[in-house]
Amino acid sequence: MARPDKAAAVAELTDKFRNSNAAVLTEYTGLTVAQLKELRRSLGENANYRVAKNTLTKIAANEAGITALDDLFTGSTAITFVYGDPVASAKGLRDFAKENPALVIKGGVLDGKALSADEIKKLADLESREVLLAKLAGGMKASMAKAAATFQAPLSKFVRTADALRSKVEQGGAGTPAPAAEDAAE
C-alpha cells in the first residue's frame with residue numbers, strides 16, 4: 001500500500017501533466033538554491049518549475065498517458081510545467097542554460113508529442129505566439145489591400161477613359177461619335 005503523502009504527490013503531478021500545454025525535463029545538478037529561484041522567476045507566471053522524485057514523476061506521467069518520457073527519468077530531474085506559451089518557457093530555459101551550464105535540458109512533451117532536447121531548443125528559436133499572430137494579421141491586411149487595389153483598377157481605368165472621351169466630345173474634336181444607325185435611316 002502506497003503512503004498517503006506519495007499518493008498525493010503522484011495525484012498532484014498527474015494533474016499537472018494533464019492540465020499543462022507542455023512539460024520539459026531538465027537536469028539541475030550543480031545549481032544552487034539561489035540559481036533555482038532565479039530560474040523560476042525567469043520562467044514567468046505561465047510555467048511551474050518543480051523538483052520531484054523520478055519514480056513518482058514517472059508514475060504520474062504514465063497515469064496521465066505520457067510514456068515517451070520514461071527514459072529521461074534518470075539522475076536529478078526537475079520538470080517545468082508550461083501553462084501558457086511554450087515558446088516563452090523554452091526560451092527562458094535555453095537562456096538560463098546558456099548562463100548556467102549546470103542546467104541541462106533532457107527533453108519534454110508538447111501537446112502529447114515527445115520532444116528531444118534539440119527540438120526544445122528549436123522551439124525556443126521560434127518567435128512568440130503574439131509576434132507570429134501579428135505577422136499573420138499584417139500579411140492578411142496587406143493581401144486585402146492588394147486585392148482591393150486590384151478590384152478598383154479596372155473601374156478607375158474605365159472612369160479615366162470615359163472622362164477623356166467626354167473631354168474630347170466637349171471640345172468638338174474629331175472623336176465625335178457618328179449618329180446612331182436609326183438616325184441615319186430616317
# chains A, B, ... in the order shown; residues from 1 in each chain; ligands from 1
call {"tool": "select_by_dssp", "arguments": {"residues": "segment 34-141 of chain A", "states": "strand (DSSP E or B)", "output": "ChimeraX atom specification"}}
result
/A:47-51,77-82,104-110,113-116
call {"tool": "write_last_selection", "arguments": {"atoms": "C-alpha atoms", "output": "CSV table (one decimal), in the first residue's frame"}}
result
chain,number,residue,atom,x,y,z
A,47,ALA,CA,5.4,28.0,-16.0
A,48,ASN,CA,6.0,26.0,-12.9
A,49,TYR,CA,9.5,24.5,-12.2
A,50,ARG,CA,9.2,21.5,-9.9
A,51,VAL,CA,11.8,19.1,-8.4
A,77,THR,CA,15.4,15.6,-12.7
A,78,ALA,CA,13.2,18.6,-12.4
A,79,ILE,CA,10.2,19.3,-14.6
A,80,THR,CA,8.8,22.5,-16.0
A,81,PHE,CA,5.1,22.5,-16.4
A,82,VAL,CA,4.0,25.1,-19.0
A,104,VAL,CA,20.8,20.5,-18.9
A,105,ILE,CA,17.6,20.2,-21.0
A,106,LYS,CA,16.8,16.5,-21.3
A,107,GLY,CA,13.6,16.6,-23.4
A,108,GLY,CA,9.9,17.0,-22.9
A,109,VAL,CA,6.4,16.7,-24.3
A,110,LEU,CA,4.3,19.3,-26.1
A,113,LYS,CA,4.1,14.6,-28.5
A,114,ALA,CA,7.5,13.8,-27.2
A,115,LEU,CA,10.3,16.4,-27.9
A,116,SER,CA,14.0,15.8,-27.8
call {"tool": "residues_around", "arguments": {"residues": "Ala11 of chain A", "least_positions_apart": "3", "cutoff": "10 Å", "atoms": "only C-alpha atoms", "output": "list in words"}}
result
Asp5, Lys6, Ala7, Ala8, Thr14, Asp15, Lys16, Phe17, Leu56, Thr57, Ile59, Ala60, Glu63 and Ala64 of chain A
call {"tool": "write_last_selection", "arguments": {"atoms": "all heavy atoms", "output": "tab-separated table (two decimals), in the first residue's frame"}}
result
chain	number	residue	atom	x	y	z
A	5	ASP	N	1.19	10.38	1.53
A	5	ASP	CA	1.89	11.56	1.02
A	5	ASP	C	2.42	11.33	-0.40
A	5	ASP	O	2.38	12.23	-1.24
A	5	ASP	CB	3.02	12.00	1.96
A	5	ASP	CG	4.03	10.89	2.21
A	5	ASP	OD1	3.67	9.70	2.10
A	5	ASP	OD2	5.21	11.22	2.53
A	6	LYS	N	2.88	10.10	-0.67
A	6	LYS	CA	3.35	9.79	-2.02
A	6	LYS	C	2.19	9.72	-3.00
A	6	LYS	O	2.30	10.17	-4.14
A	6	LYS	CB	4.13	8.48	-2.02
A	6	LYS	CG	5.49	8.59	-1.35
A	6	LYS	CD	6.27	7.32	-1.48
A	6	LYS	CE	7.64	7.48	-0.85
A	6	LYS	NZ	8.45	6.27	-0.99
A	7	ALA	N	1.08	9.15	-2.56
A	7	ALA	CA	-0.11	9.08	-3.41
A	7	ALA	C	-0.61	10.49	-3.75
A	7	ALA	O	-1.00	10.76	-4.89
A	7	ALA	CB	-1.21	8.27	-2.73
A	8	ALA	N	-0.55	11.39	-2.78
A	8	ALA	CA	-0.97	12.77	-3.01
A	8	ALA	C	-0.01	13.46	-3.98
A	8	ALA	O	-0.45	14.22	-4.86
A	8	ALA	CB	-1.04	13.54	-1.70
A	14	THR	N	0.20	14.16	-11.64
A	14	THR	CA	-0.66	13.69	-12.73
A	14	THR	C	-1.57	14.82	-13.21
A	14	THR	O	-1.73	15.03	-14.41
A	14	THR	CB	-1.52	12.50	-12.27
A	14	THR	OG1	-0.66	11.46	-11.81
A	14	THR	CG2	-2.39	11.97	-13.39
A	15	ASP	N	-2.12	15.56	-12.26
A	15	ASP	CA	-2.97	16.70	-12.60
A	15	ASP	C	-2.18	17.75	-13.38
A	15	ASP	O	-2.68	18.32	-14.35
A	15	ASP	CB	-3.55	17.30	-11.32
A	15	ASP	CG	-4.58	18.36	-11.60
A	15	ASP	OD1	-5.48	18.11	-12.43
A	15	ASP	OD2	-4.49	19.45	-10.99
A	16	LYS	N	-0.96	18.02	-12.97
A	16	LYS	CA	-0.12	19.00	-13.67
A	16	LYS	C	0.19	18.53	-15.09
A	16	LYS	O	0.17	19.34	-16.02
A	16	LYS	CB	1.17	19.25	-12.90
A	16	LYS	CG	0.96	20.08	-11.64
A	16	LYS	CD	2.28	20.34	-10.95
A	16	LYS	CE	2.09	21.13	-9.69
A	16	LYS	NZ	1.83	22.54	-9.92
A	17	PHE	N	0.48	17.24	-15.28
A	17	PHE	CA	0.73	16.72	-16.62
A	17	PHE	C	-0.51	16.88	-17.50
A	17	PHE	O	-0.41	17.25	-18.67
A	17	PHE	CB	1.13	15.24	-16.58
A	17	PHE	CG	2.60	15.00	-16.41
A	17	PHE	CD1	3.10	14.44	-15.24
A	17	PHE	CD2	3.50	15.32	-17.42
A	17	PHE	CE1	4.45	14.21	-15.09
A	17	PHE	CE2	4.85	15.10	-17.26
A	17	PHE	CZ	5.34	14.54	-16.10
A	56	LEU	N	8.14	8.86	-8.67
A	56	LEU	CA	6.80	9.44	-8.55
A	56	LEU	C	6.40	10.19	-9.82
A	56	LEU	O	5.26	10.10	-10.29
A	56	LEU	CB	6.75	10.39	-7.35
A	56	LEU	CG	7.01	9.77	-5.97
A	56	LEU	CD1	6.93	10.83	-4.89
A	56	LEU	CD2	6.05	8.62	-5.69
A	57	THR	N	7.35	10.91	-10.40
A	57	THR	CA	7.06	11.66	-11.62
A	57	THR	C	6.77	10.71	-12.79
A	57	THR	O	5.88	10.96	-13.60
A	57	THR	CB	8.24	12.58	-11.97
A	57	THR	OG1	8.57	13.37	-10.83
A	57	THR	CG2	7.89	13.51	-13.11
A	59	ILE	N	5.53	7.67	-12.57
A	59	ILE	CA	4.20	7.08	-12.34
A	59	ILE	C	3.12	8.09	-12.74
A	59	ILE	O	2.14	7.74	-13.41
A	59	ILE	CB	4.04	6.66	-10.86
A	59	ILE	CG1	4.95	5.46	-10.55
A	59	ILE	CG2	2.59	6.32	-10.54
A	59	ILE	CD1	5.07	5.14	-9.07
A	60	ALA	N	3.31	9.35	-12.36
A	60	ALA	CA	2.33	10.40	-12.68
A	60	ALA	C	2.22	10.60	-14.18
A	60	ALA	O	1.12	10.74	-14.72
A	60	ALA	CB	2.71	11.70	-11.99
A	63	GLU	N	0.30	7.75	-15.64
A	63	GLU	CA	-1.13	7.86	-15.33
A	63	GLU	C	-1.80	8.92	-16.20
A	63	GLU	O	-2.98	8.82	-16.49
A	63	GLU	CB	-1.34	8.17	-13.85
A	63	GLU	CG	-1.12	6.98	-12.95
A	63	GLU	CD	-1.42	7.27	-11.49
A	63	GLU	OE1	-2.01	8.33	-11.19
A	63	GLU	OE2	-1.06	6.44	-10.65
A	64	ALA	N	-1.02	9.93	-16.61
A	64	ALA	CA	-1.55	10.98	-17.47
A	64	ALA	C	-1.51	10.56	-18.94
A	64	ALA	O	-1.92	11.32	-19.82
A	64	ALA	CB	-0.77	12.27	-17.28
call {"tool": "atom_distance", "arguments": {"atom1": "atom CA of Glu27 of chain A", "atom2": "atom CA of Leu103 of chain A"}}
result
5.7 Å
call {"tool": "atom_distance", "arguments": {"atom1": "atom CA of Ala22 of chain A", "atom2": "atom CA of Ile66 of chain A"}}
result
11.3 Å
call {"tool": "atom_distance", "arguments": {"atom1": "atom CA of Ala52 of chain A", "atom2": "atom CA of Ser76 of chain A"}}
result
8.8 Å
call {"tool": "residues_around", "arguments": {"residues": "Gly84 of chain A", "least_positions_apart": "4", "cutoff": "10 Å", "atoms": "only C-alpha atoms", "output": "PyMOL selection string"}}
result
chain A and resi 20-22+44-47+88-89+129
call {"tool": "select_by_dssp", "arguments": {"residues": "segment 14-184 of chain A", "states": "helix (DSSP H, G or I)", "output": "VMD selection string"}}
result
chain A and resid 14 to 19 33 to 43 54 to 63 70 to 72 86 to 99 117 to 125 129 to 170 181 to 184
call {"tool": "closest_residue", "arguments": {"among": "A:Ala147, A:Leu25, A:Ala164, A:Ala34", "to": "Gly75 of chain A", "atoms": "only C-alpha atoms"}}
result
A:Leu25
call {"tool": "closest_residue", "arguments": {"among": "A:Leu72, A:Leu136, A:Ala162, A:Ala117", "to": "Lys58 of chain A", "atoms": "only C-alpha atoms"}}
result
A:Leu72
call {"tool": "decode", "arguments": {"residues": "segment 57-68 of chain A", "atoms": "all heavy atoms", "output": "JSON list (two decimals), in the first residue's frame"}}
result
[["chain", "number", "residue", "atom", "x", "y", "z"],
["A", 57, "THR", "N", 7.35, 10.91, -10.40],
["A", 57, "THR", "CA", 7.06, 11.66, -11.62],
["A", 57, "THR", "C", 6.77, 10.71, -12.79],
["A", 57, "THR", "O", 5.88, 10.96, -13.60],
["A", 57, "THR", "CB", 8.24, 12.58, -11.97],
["A", 57, "THR", "OG1", 8.57, 13.37, -10.83],
["A", 57, "THR", "CG2", 7.89, 13.51, -13.11],
["A", 58, "LYS", "N", 7.52, 9.62, -12.86],
["A", 58, "LYS", "CA", 7.30, 8.64, -13.92],
["A", 58, "LYS", "C", 5.92, 8.00, -13.78],
["A", 58, "LYS", "O", 5.19, 7.84, -14.78],
["A", 58, "LYS", "CB", 8.39, 7.57, -13.86],
["A", 58, "LYS", "CG", 8.33, 6.56, -14.97],
["A", 58, "LYS", "CD", 9.51, 5.61, -14.88],
["A", 58, "LYS", "CE", 9.47, 4.57, -15.98],
["A", 58, "LYS", "NZ", 10.62, 3.66, -15.92],
["A", 59, "ILE", "N", 5.53, 7.67, -12.57],
["A", 59, "ILE", "CA", 4.20, 7.08, -12.34],
["A", 59, "ILE", "C", 3.12, 8.09, -12.74],
["A", 59, "ILE", "O", 2.14, 7.74, -13.41],
["A", 59, "ILE", "CB", 4.04, 6.66, -10.86],
["A", 59, "ILE", "CG1", 4.95, 5.46, -10.55],
["A", 59, "ILE", "CG2", 2.59, 6.32, -10.54],
["A", 59, "ILE", "CD1", 5.07, 5.14, -9.07],
["A", 60, "ALA", "N", 3.31, 9.35, -12.36],
["A", 60, "ALA", "CA", 2.33, 10.40, -12.68],
["A", 60, "ALA", "C", 2.22, 10.60, -14.18],
["A", 60, "ALA", "O", 1.12, 10.74, -14.72],
["A", 60, "ALA", "CB", 2.71, 11.70, -11.99],
["A", 61, "ALA", "N", 3.36, 10.62, -14.87],
["A", 61, "ALA", "CA", 3.35, 10.79, -16.33],
["A", 61, "ALA", "C", 2.62, 9.63, -16.99],
["A", 61, "ALA", "O", 1.82, 9.83, -17.91],
["A", 61, "ALA", "CB", 4.77, 10.91, -16.86],
["A", 62, "ASN", "N", 2.88, 8.42, -16.52],
["A", 62, "ASN", "CA", 2.20, 7.25, -17.09],
["A", 62, "ASN", "C", 0.70, 7.29, -16.83],
["A", 62, "ASN", "O", -0.09, 6.92, -17.70],
["A", 62, "ASN", "CB", 2.82, 5.96, -16.54],
["A", 62, "ASN", "CG", 4.20, 5.70, -17.10],
["A", 62, "ASN", "OD1", 4.55, 6.16, -18.17],
["A", 62, "ASN", "ND2", 5.02, 4.97, -16.35],
["A", 63, "GLU", "N", 0.30, 7.75, -15.64],
["A", 63, "GLU", "CA", -1.13, 7.86, -15.33],
["A", 63, "GLU", "C", -1.80, 8.92, -16.20],
["A", 63, "GLU", "O", -2.98, 8.82, -16.49],
["A", 63, "GLU", "CB", -1.34, 8.17, -13.85],
["A", 63, "GLU", "CG", -1.12, 6.98, -12.95],
["A", 63, "GLU", "CD", -1.42, 7.27, -11.49],
["A", 63, "GLU", "OE1", -2.01, 8.33, -11.19],
["A", 63, "GLU", "OE2", -1.06, 6.44, -10.65],
["A", 64, "ALA", "N", -1.02, 9.93, -16.61],
["A", 64, "ALA", "CA", -1.55, 10.98, -17.47],
["A", 64, "ALA", "C", -1.51, 10.56, -18.94],
["A", 64, "ALA", "O", -1.92, 11.32, -19.82],
["A", 64, "ALA", "CB", -0.77, 12.27, -17.28],
["A", 65, "GLY", "N", -0.98, 9.37, -19.23],
["A", 65, "GLY", "CA", -0.94, 8.86, -20.61],
["A", 65, "GLY", "C", 0.32, 9.25, -21.36],
["A", 65, "GLY", "O", 0.37, 9.15, -22.58],
["A", 66, "ILE", "N", 1.36, 9.67, -20.64],
["A", 66, "ILE", "CA", 2.62, 10.08, -21.27],
["A", 66, "ILE", "C", 3.68, 9.04, -20.92],
["A", 66, "ILE", "O", 4.14, 8.97, -19.79],
["A", 66, "ILE", "CB", 3.05, 11.47, -20.78],
["A", 66, "ILE", "CG1", 1.97, 12.49, -21.11],
["A", 66, "ILE", "CG2", 4.38, 11.87, -21.40],
["A", 66, "ILE", "CD1", 2.17, 13.84, -20.45],
["A", 67, "THR", "N", 4.05, 8.24, -21.92],
["A", 67, "THR", "CA", 5.07, 7.21, -21.68],
["A", 67, "THR", "C", 6.36, 7.51, -22.42],
["A", 67, "THR", "O", 7.35, 6.82, -22.24],
["A", 67, "THR", "CB", 4.54, 5.83, -22.13],
["A", 67, "THR", "OG1", 4.18, 5.91, -23.51],
["A", 67, "THR", "CG2", 3.35, 5.41, -21.30],
["A", 68, "ALA", "N", 6.36, 8.54, -23.25],
["A", 68, "ALA", "CA", 7.54, 8.85, -24.07],
["A", 68, "ALA", "C", 8.70, 9.39, -23.25],
["A", 68, "ALA", "O", 9.84, 9.40, -23.72],
["A", 68, "ALA", "CB", 7.16, 9.87, -25.14]]
